Each structure stands twice: as structure tokens, then as C-alpha cells.
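Source file: run-v7.cif. Holds: mmCIF, C-alpha atoms.
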```cif
data_coords
loop_
_atom_site.label_atom_id
_atom_site.label_comp_id
_atom_site.auth_asym_id
_atom_site.auth_seq_id
_atom_site.Cartn_x
_atom_site.Cartn_y
_atom_site.Cartn_z
CA MET B 1 72.22 181.06 26.17
CA LYS B 2 76.00 181.00 26.62
CA ILE B 3 77.82 177.69 26.27
CA THR B 4 81.49 177.05 26.96
CA PHE B 5 83.40 174.02 25.69
CA CYS B 6 86.26 172.62 27.78
CA CYS B 7 87.23 169.12 26.70
CA THR B 8 90.81 167.91 27.06
CA ASP B 9 92.33 166.07 24.08
CA THR B 10 89.19 166.66 22.02
CA LYS B 11 89.00 168.50 18.70
CA ALA B 12 86.67 171.38 19.46
CA GLU B 13 85.55 172.59 16.04
CA PRO B 14 83.20 169.70 15.11
CA TRP B 15 81.52 169.96 18.53
CA LEU B 16 81.11 173.73 18.20
CA GLN B 17 79.64 173.38 14.73
CA GLY B 18 77.25 170.65 15.82
CA LEU B 19 76.06 172.54 18.88
CA ALA B 20 75.60 175.72 16.84
CA ALA B 21 73.45 173.84 14.32
CA ALA B 22 71.36 172.24 17.08
CA LEU B 23 70.99 175.43 19.13
CA PRO B 24 70.62 178.42 16.75
CA GLY B 25 71.26 181.68 18.52
CA ALA B 26 73.36 180.20 21.30
CA ASP B 27 76.71 181.84 22.04
CA ILE B 28 79.20 178.95 21.95
CA SER B 29 82.94 179.22 22.48
CA VAL B 30 86.01 177.29 23.61
CA TRP B 31 86.95 178.13 27.19
CA GLN B 32 90.11 180.07 27.82
CA PRO B 33 91.34 181.27 31.24
CA GLY B 34 89.53 184.48 32.10
CA ALA B 35 86.64 183.81 29.71
CA PRO B 36 83.21 185.37 30.46
CA GLN B 37 80.70 183.43 32.53
CA ALA B 38 78.63 180.84 30.68
CA ASP B 39 75.27 179.23 31.42
CA TYR B 40 76.21 175.71 30.40
CA ALA B 41 79.45 173.82 29.88
CA VAL B 42 80.35 170.79 27.77
CA VAL B 43 83.31 169.16 29.46
CA TRP B 44 85.76 166.30 29.53
CA ALA B 45 88.63 166.30 32.05
CA PRO B 46 88.48 170.06 32.67
CA PRO B 47 91.05 171.69 34.98
CA GLN B 48 90.13 172.95 38.43
CA GLN B 49 90.76 176.51 37.19
CA PHE B 50 87.80 176.13 34.84
CA MET B 51 85.53 175.27 37.75
CA ASP B 52 86.89 178.05 39.91
CA GLU B 53 86.26 180.66 37.21
CA GLN B 54 82.89 179.43 35.94
CA GLN B 55 80.94 179.76 39.18
CA GLY B 56 77.73 180.80 37.43
CA LEU B 57 77.17 177.56 35.51
CA LYS B 58 73.72 176.03 35.62
CA ALA B 59 74.86 172.63 34.35
CA LEU B 60 77.96 170.69 33.30
CA PHE B 61 77.46 168.19 30.48
CA ASN B 62 80.07 165.43 30.55
CA ILE B 63 80.78 163.89 27.13
CA GLY B 64 81.70 160.49 28.57
CA ALA B 65 79.57 157.97 30.45
CA GLY B 66 81.70 158.07 33.62
CA VAL B 67 81.74 161.13 35.85
CA ASP B 68 84.11 159.90 38.57
CA ALA B 69 86.99 162.19 37.53
CA LEU B 70 84.68 165.20 37.27
CA LEU B 71 83.27 164.66 40.76
CA LYS B 72 86.76 164.82 42.25
CA LEU B 73 86.89 168.54 41.40
CA ARG B 74 85.40 171.42 43.39
CA LEU B 75 82.34 172.15 41.30
CA PRO B 76 80.38 175.40 40.99
CA SER B 77 77.74 175.60 43.69
CA GLY B 78 74.33 174.70 42.34
CA ALA B 79 75.52 173.42 38.96
CA LEU B 80 73.95 170.17 37.79
CA VAL B 81 76.29 167.43 36.56
CA VAL B 82 74.72 165.68 33.59
CA ARG B 83 75.98 162.43 32.08
CA LEU B 84 75.16 160.95 28.70
CA ASP B 85 72.23 158.53 28.94
CA ASP B 86 73.35 156.37 26.04
CA ALA B 87 74.16 158.29 22.84
CA GLY B 88 75.17 155.12 21.02
CA MET B 89 77.37 153.76 23.81
CA ALA B 90 75.05 150.98 25.02
CA VAL B 91 75.03 149.03 21.77
CA GLN B 92 78.81 149.35 21.50
CA MET B 93 79.19 148.01 25.03
CA ALA B 94 76.85 145.12 24.29
CA GLU B 95 78.89 144.27 21.20
CA TYR B 96 82.18 144.38 23.08
CA VAL B 97 81.09 142.29 26.06
CA SER B 98 79.22 139.75 23.94
CA HIS B 99 82.32 139.32 21.79
CA ALA B 100 84.53 138.83 24.85
CA VAL B 101 82.14 136.31 26.41
CA ILE B 102 81.67 134.30 23.23
CA ARG B 103 85.38 134.36 22.38
CA HIS B 104 86.13 132.80 25.76
CA PHE B 105 83.14 130.43 25.84
CA ARG B 106 83.78 129.07 22.34
CA GLU B 107 87.57 129.03 22.96
CA PHE B 108 88.24 131.03 19.83
CA ASP B 109 91.45 132.31 21.42
CA GLY B 110 92.66 128.71 21.59
CA TYR B 111 91.70 128.07 17.98
CA GLU B 112 93.55 131.23 16.93
CA ALA B 113 96.68 129.96 18.68
CA ASP B 114 96.30 126.54 17.03
CA MET B 115 95.92 128.05 13.56
CA ALA B 116 98.94 130.29 14.09
CA GLU B 117 101.03 127.19 14.83
CA GLY B 118 99.59 125.10 12.01
CA ARG B 119 97.52 122.79 14.24
CA TRP B 120 94.13 121.54 13.07
CA GLY B 121 92.04 120.36 15.98
CA TYR B 122 88.78 120.58 17.89
CA ARG B 123 87.74 121.25 21.44
CA LYS B 124 84.85 119.66 23.28
CA PRO B 125 81.80 121.94 23.11
CA ARG B 126 80.99 123.67 26.39
CA LEU B 127 77.53 123.95 27.90
CA ARG B 128 75.97 127.37 28.27
CA SER B 129 74.35 126.19 31.49
CA ASP B 130 77.88 125.95 32.96
CA PHE B 131 78.68 129.56 32.08
CA SER B 132 76.44 131.77 34.16
CA ILE B 133 77.30 135.43 33.58
CA GLY B 134 77.14 138.04 36.31
CA VAL B 135 76.74 141.68 35.27
CA MET B 136 77.71 144.15 38.02
CA GLY B 137 75.92 147.43 37.49
CA LEU B 138 72.54 147.60 35.76
CA GLY B 139 72.40 151.18 34.57
CA VAL B 140 71.77 152.06 30.92
CA LEU B 141 74.88 150.24 29.72
CA GLY B 142 74.65 147.30 32.10
CA GLU B 143 71.01 146.61 31.32
CA ARG B 144 71.72 146.60 27.58
CA VAL B 145 74.64 144.19 28.09
CA ALA B 146 72.60 141.84 30.30
CA LYS B 147 69.76 141.71 27.77
CA ALA B 148 72.19 141.05 24.91
CA LEU B 149 73.87 138.15 26.73
CA ALA B 150 70.49 136.61 27.58
CA GLN B 151 69.76 136.43 23.85
CA PHE B 152 72.58 133.89 23.53
CA ASP B 153 70.84 131.65 26.10
CA PHE B 154 73.45 132.12 28.81
CA PRO B 155 72.13 132.19 32.38
CA VAL B 156 72.49 135.88 33.30
CA ASN B 157 72.68 137.32 36.81
CA GLY B 158 72.56 141.03 37.53
CA TRP B 159 73.68 142.92 40.62
CA SER B 160 72.77 146.50 41.43
CA ARG B 161 72.60 148.71 44.47
CA SER B 162 68.85 149.27 44.10
CA PRO B 163 66.26 146.73 42.87
CA LYS B 164 66.10 146.18 39.11
CA ALA B 165 63.75 143.87 37.21
CA ILE B 166 65.04 142.84 33.76
CA GLU B 167 63.42 140.07 31.75
CA GLY B 168 65.69 137.04 31.48
CA VAL B 169 68.04 138.28 34.22
CA ARG B 170 68.21 136.89 37.77
CA ALA B 171 68.37 139.92 40.03
CA PHE B 172 70.57 140.40 43.09
CA THR B 173 70.35 143.61 45.10
CA GLY B 174 72.47 145.39 47.66
CA ALA B 175 75.37 144.40 49.87
CA ASP B 176 73.44 141.53 51.47
CA GLN B 177 73.16 139.71 48.13
CA PHE B 178 76.54 140.59 46.66
CA ASN B 179 78.34 137.41 47.75
CA ASP B 180 75.42 135.27 46.53
CA PHE B 181 75.67 137.04 43.17
CA LEU B 182 79.37 136.24 42.90
CA ALA B 183 78.84 132.60 43.90
CA ALA B 184 76.19 132.24 41.19
CA SER B 185 78.47 133.60 38.45
CA ARG B 186 81.30 132.11 36.41
CA VAL B 187 81.85 135.09 34.12
CA LEU B 188 82.01 138.48 35.85
CA VAL B 189 81.29 141.61 33.83
CA ASN B 190 81.93 144.93 35.56
CA LEU B 191 79.87 147.95 34.56
CA LEU B 192 79.68 149.72 37.91
CA PRO B 193 80.22 153.47 38.30
CA LEU B 194 83.44 154.25 40.14
CA THR B 195 82.69 155.56 43.63
CA PRO B 196 84.48 155.24 46.98
CA ASP B 197 82.23 152.25 47.67
CA THR B 198 83.08 150.43 44.44
CA ALA B 199 86.84 151.11 44.19
CA ASN B 200 88.81 147.84 44.40
CA VAL B 201 85.59 145.82 44.32
CA ILE B 202 87.18 143.13 42.12
CA ASN B 203 89.64 141.95 44.72
CA ARG B 204 91.00 138.70 46.13
CA ASP B 205 87.86 137.98 48.14
CA ALA B 206 85.45 138.70 45.29
CA LEU B 207 87.46 136.64 42.80
CA ALA B 208 87.62 133.69 45.20
CA ARG B 209 83.82 133.68 45.48
CA LEU B 210 83.31 133.26 41.73
CA GLN B 211 82.74 129.78 40.36
CA PRO B 212 85.91 127.79 39.49
CA GLY B 213 87.29 128.56 36.04
CA ALA B 214 85.95 132.09 36.26
CA TYR B 215 86.50 134.79 33.66
CA VAL B 216 86.64 138.54 34.29
CA ILE B 217 85.60 141.31 31.90
CA ASN B 218 86.24 144.88 33.10
CA VAL B 219 84.81 147.66 30.96
CA ALA B 220 84.07 150.21 33.71
CA ARG B 221 87.14 151.73 35.40
CA GLY B 222 90.61 150.40 36.10
CA ALA B 223 90.36 151.32 39.79
CA HIS B 224 87.61 148.73 40.26
CA LEU B 225 90.18 145.97 39.82
CA VAL B 226 93.08 145.07 42.09
CA ASP B 227 95.61 144.07 39.44
CA GLU B 228 97.76 141.90 41.68
CA ASP B 229 94.75 139.97 42.95
CA LEU B 230 93.63 139.15 39.41
CA LEU B 231 97.10 137.96 38.44
CA ALA B 232 97.27 135.75 41.54
CA ALA B 233 93.82 134.29 40.85
CA ILE B 234 94.83 133.46 37.27
CA ASP B 235 98.10 131.91 38.44
CA SER B 236 96.13 129.70 40.84
CA SER B 237 93.83 128.64 37.94
CA HIS B 238 90.71 129.65 39.87
CA VAL B 239 90.29 132.37 37.24
CA ALA B 240 90.83 131.20 33.67
CA GLY B 241 91.55 134.63 32.22
CA ALA B 242 90.29 138.13 31.62
CA THR B 243 89.42 140.75 29.03
CA LEU B 244 90.33 144.23 30.22
CA ASP B 245 89.50 147.52 28.49
CA VAL B 246 90.24 149.91 31.37
CA PHE B 247 93.27 150.36 33.62
CA ARG B 248 94.40 152.29 36.68
CA THR B 249 96.88 154.20 34.53
CA GLU B 250 96.08 154.90 30.89
CA PRO B 251 97.83 154.36 28.59
CA LEU B 252 98.84 151.12 30.28
CA PRO B 253 102.48 151.56 31.34
CA ALA B 254 105.17 149.70 29.41
CA GLY B 255 106.27 146.63 31.30
CA HIS B 256 102.94 146.09 33.05
CA ALA B 257 102.17 142.40 33.54
CA PHE B 258 98.92 142.68 31.56
CA TRP B 259 100.71 143.49 28.28
CA ASN B 260 102.06 140.02 27.57
CA HIS B 261 100.03 137.75 29.84
CA PRO B 262 98.87 134.75 27.79
CA ARG B 263 95.45 134.61 29.46
CA ILE B 264 94.65 138.31 29.51
CA THR B 265 93.27 140.19 26.51
CA ILE B 266 93.63 143.97 26.66
CA THR B 267 92.18 146.78 24.55
CA PRO B 268 92.83 150.57 24.79
CA HIS B 269 89.64 151.79 26.53
CA THR B 270 87.61 151.39 23.37
CA SER B 271 84.62 149.28 24.46
CA ALA B 272 82.17 152.19 24.05
CA ARG B 273 83.38 155.38 22.40
CA THR B 274 81.61 158.72 22.51
CA LEU B 275 79.71 159.21 19.24
CA ARG B 276 79.82 162.93 18.54
CA GLU B 277 76.61 163.44 16.55
CA GLU B 278 74.45 161.42 18.94
CA SER B 279 76.02 163.13 21.95
CA ILE B 280 75.54 166.63 20.55
CA ALA B 281 71.88 165.92 19.81
CA GLN B 282 71.27 164.65 23.35
CA ILE B 283 73.15 167.51 25.04
CA ALA B 284 71.36 170.12 22.91
CA ARG B 285 67.94 168.66 23.76
CA LYS B 286 68.74 168.74 27.47
CA MET B 287 70.06 172.30 27.38
CA ALA B 288 66.90 173.45 25.61
CA ALA B 289 64.77 171.61 28.17
CA LEU B 290 66.61 173.27 31.07
CA GLN B 291 66.09 176.67 29.44
CA ARG B 292 62.37 175.93 29.43
CA GLY B 293 62.49 174.97 33.10
CA GLU B 294 61.90 171.27 32.43
CA ALA B 295 63.44 168.30 34.24
CA ILE B 296 65.99 166.19 32.36
CA ALA B 297 67.34 162.67 32.62
CA GLY B 298 70.94 161.85 33.44
CA VAL B 299 71.44 164.25 36.35
CA VAL B 300 74.13 162.81 38.63
CA ASP B 301 73.64 162.50 42.37
CA PRO B 302 76.98 163.81 43.67
CA VAL B 303 76.62 161.83 46.90
CA ARG B 304 76.08 158.48 45.18
CA GLY B 305 78.46 159.34 42.35
CA TYR B 306 76.13 158.37 39.50
#
```

Structure translated into C-alpha cells:
Amino acid sequence: MKITFCCTDTKAEPWLQGLAAALPGADISVWQPGAPQADYAVVWAPPQQFMDEQQGLKALFNIGAGVDALLKLRLPSGALVVRLDDAGMAVQMAEYVSHAVIRHFREFDGYEADMAEGRWGYRKPRLRSDFSIGVMGLGVLGERVAKALAQFDFPVNGWSRSPKAIEGVRAFTGADQFNDFLAASRVLVNLLPLTPDTANVINRDALARLQPGAYVINVARGAHLVDEDLLAAIDSSHVAGATLDVFRTEPLPAGHAFWNHPRITITPHTSARTLREESIAQIARKMAALQRGEAIAGVVDPVRGY
């Protein structure tokens, strides 16, 4: 089995060592232009030249949860695109979103501001029943987030393209129920894959359909959100604020309105980081299964984009 590693801005040696330990006898190397053909590739933001040269690949294993950038390339004919199922990302995402929701719900940001200015005061407790949370996207990460939020007794809605049944979550399905999902939600959490159908989905119309005093949490992709529409909705007070971990351009450009907006909290795309050991173990198991002719989970449908 020949494995090539082509991951931009990623230290290769720990991955090579881990894969070698998990797959004894495999020939594993870092891709260089003109390298011999490999059977499998471990990739993150590879160049088009890599795809053009490695036409014999059986499968591409993406080390991040999102495959939108990879699917924009011309891929080797017949090669499977395989995403990580979880590999430690789901619990991180649940932590991040739960923290963002509770920080807003309990007004901890306001208390932080008060303490910084030497003010000692209280705010009237809010009712969880007034803070229904809508989770867009109920894949591995979205399902874990929805279940975590339900544990805090928030009303939780979930929207997905295909039917999903999750205990404690009110399900909405398909385009016909999308507007009803928005109208039933005060906090909007985005965990959709980025596809042509979902780009710009958090726009003026969608934001206006949320309940008054809405709050937006985007942990999927920056291109899901129309920045100007969010800023306008916050300025109108229909949206109370937002927590954003992903942006159209990363790093977020200097001077962007999100940097210093008093009602927007930003983080540097850190809601769910790739955990190397867990990812290596999962990728190695799937490569071994493919070698045995077995089916694996996490194969991306290139038409649907996830």
C-alpha cells in the first residue's frame, strides 16, 4: 500500500510517524511534484497539480471535517473522497456552541463589561423557554451539538435536508420546512456543509424570519453568512449579536467590521480542531478496510457535497 501525504501548512513528520505505526509495511511519503503514483492520499488544501499527477488514487482522506474546498478541484476519476466522521471534533463543537449559547443567555458578556468598569449589578434572569435554539445541519457534529444543548433544557429545533429523528429535538426537514424552522428559533446555530445550495443561507431574509432578539452562531463556513446582512440586522436590533468562528477570508482582514463590533464575538476558526492521533487512527482503519474490499463510512457524495 502506497500512501502520499499532501497537507498545506501542516507539519508532516508526526502524521507520517503515526500512519507508519498504524499501518506497518505501508510505503508512506510526503508528496513532491513528479512523485510516483500512490494508492491513497491524506490531504488538506492540496494544489491542483497534486490531483493532476495522482490519477491512480483509490481514495483521498481529508483531515478536516469540511470538504468544500477539496471538491472545487478536478479530482482523479474514480477516487473516493473521505471525510473524518468525528475524530474528537464533535465534543469540541458541542463545547464551543454550548459556551456561546450560555454566555449569551446568561448575559455573561454584560457581566464581564460591568466588572471591567467596576460596576456591581444584576440582570433579570431569562427563561429558557424564551430561547429556542435552531441547529442547521444535523450531521455528526450537528447532532452532537443539538443533544448537548437539549441537556441544558433549552427548546431545541433541528433542520436538515433529509429526515432526522433525535431525542429531545424538534425536527424540520427540507426546503418546505426551512422558514418554519427559522420562525421557531431565537438562537441560530449553523453547522451545514458548504455547497452551492447553502452558500449565503444566512442572509437578510433568513435573519428577518428568526424570532426578535435573535442570536447567530456560525461554526461551519464563512460563505454561509452574508456579512453585511448580519451587521444590518444587528443595527436594527432584530438580532442581538453573534458568535462567529469562520469567515469568508481567513485570517479575518484587518479593518473588517467584525473585529471591533461590540455585539459580535469572534474566534480564529478554532471551534473544533483536528486531533492528530484520533484522526490517524480513523484514517488508518478506513484504509485497511478498503484494502480488504470493505465499505467505509464518511464517503462524500460529490453531487451533494457532503

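Minimum atom-to-atom distances from B:Leu141, B:Leu19, B:Cys6, B:Val226 to Val189 in chain B were compared using all atoms listed in the file, and the lowest value belongs to B:Leu141.
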
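Coordinates place CA of Gly305 in chain B at a distance of 24.7 Å from CA of Tyr96 in chain B.
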
*Residue list as a VMD selection string for point (67.0, 174.3, 26.1), cut-off 12 Å, only C-alpha atoms*: chain B and resid 1 to 3 19 22 to 26 39 to 40 58 to 59 281 to 296

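Each of B:Ser271, B:Arg221, B:Lys11, B:Thr173 was checked against Ser98 in chain B using all atoms listed in the file; the smallest atom-to-atom distance is that of B:Ser271.
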
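For the residues B:Arg161, B:Arg128, B:Arg204, B:Arg83, ranking by smallest atom-to-atom distance to Val187 in chain B using all atoms listed in the file places B:Arg128 first.
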
*Explicit residue set for the PyMOL selection byres ((chain B and resi 92) around 12), as a ChimeraX atom specification*: /B:86-91,93-99,141-142,144-145,148,219,270-275
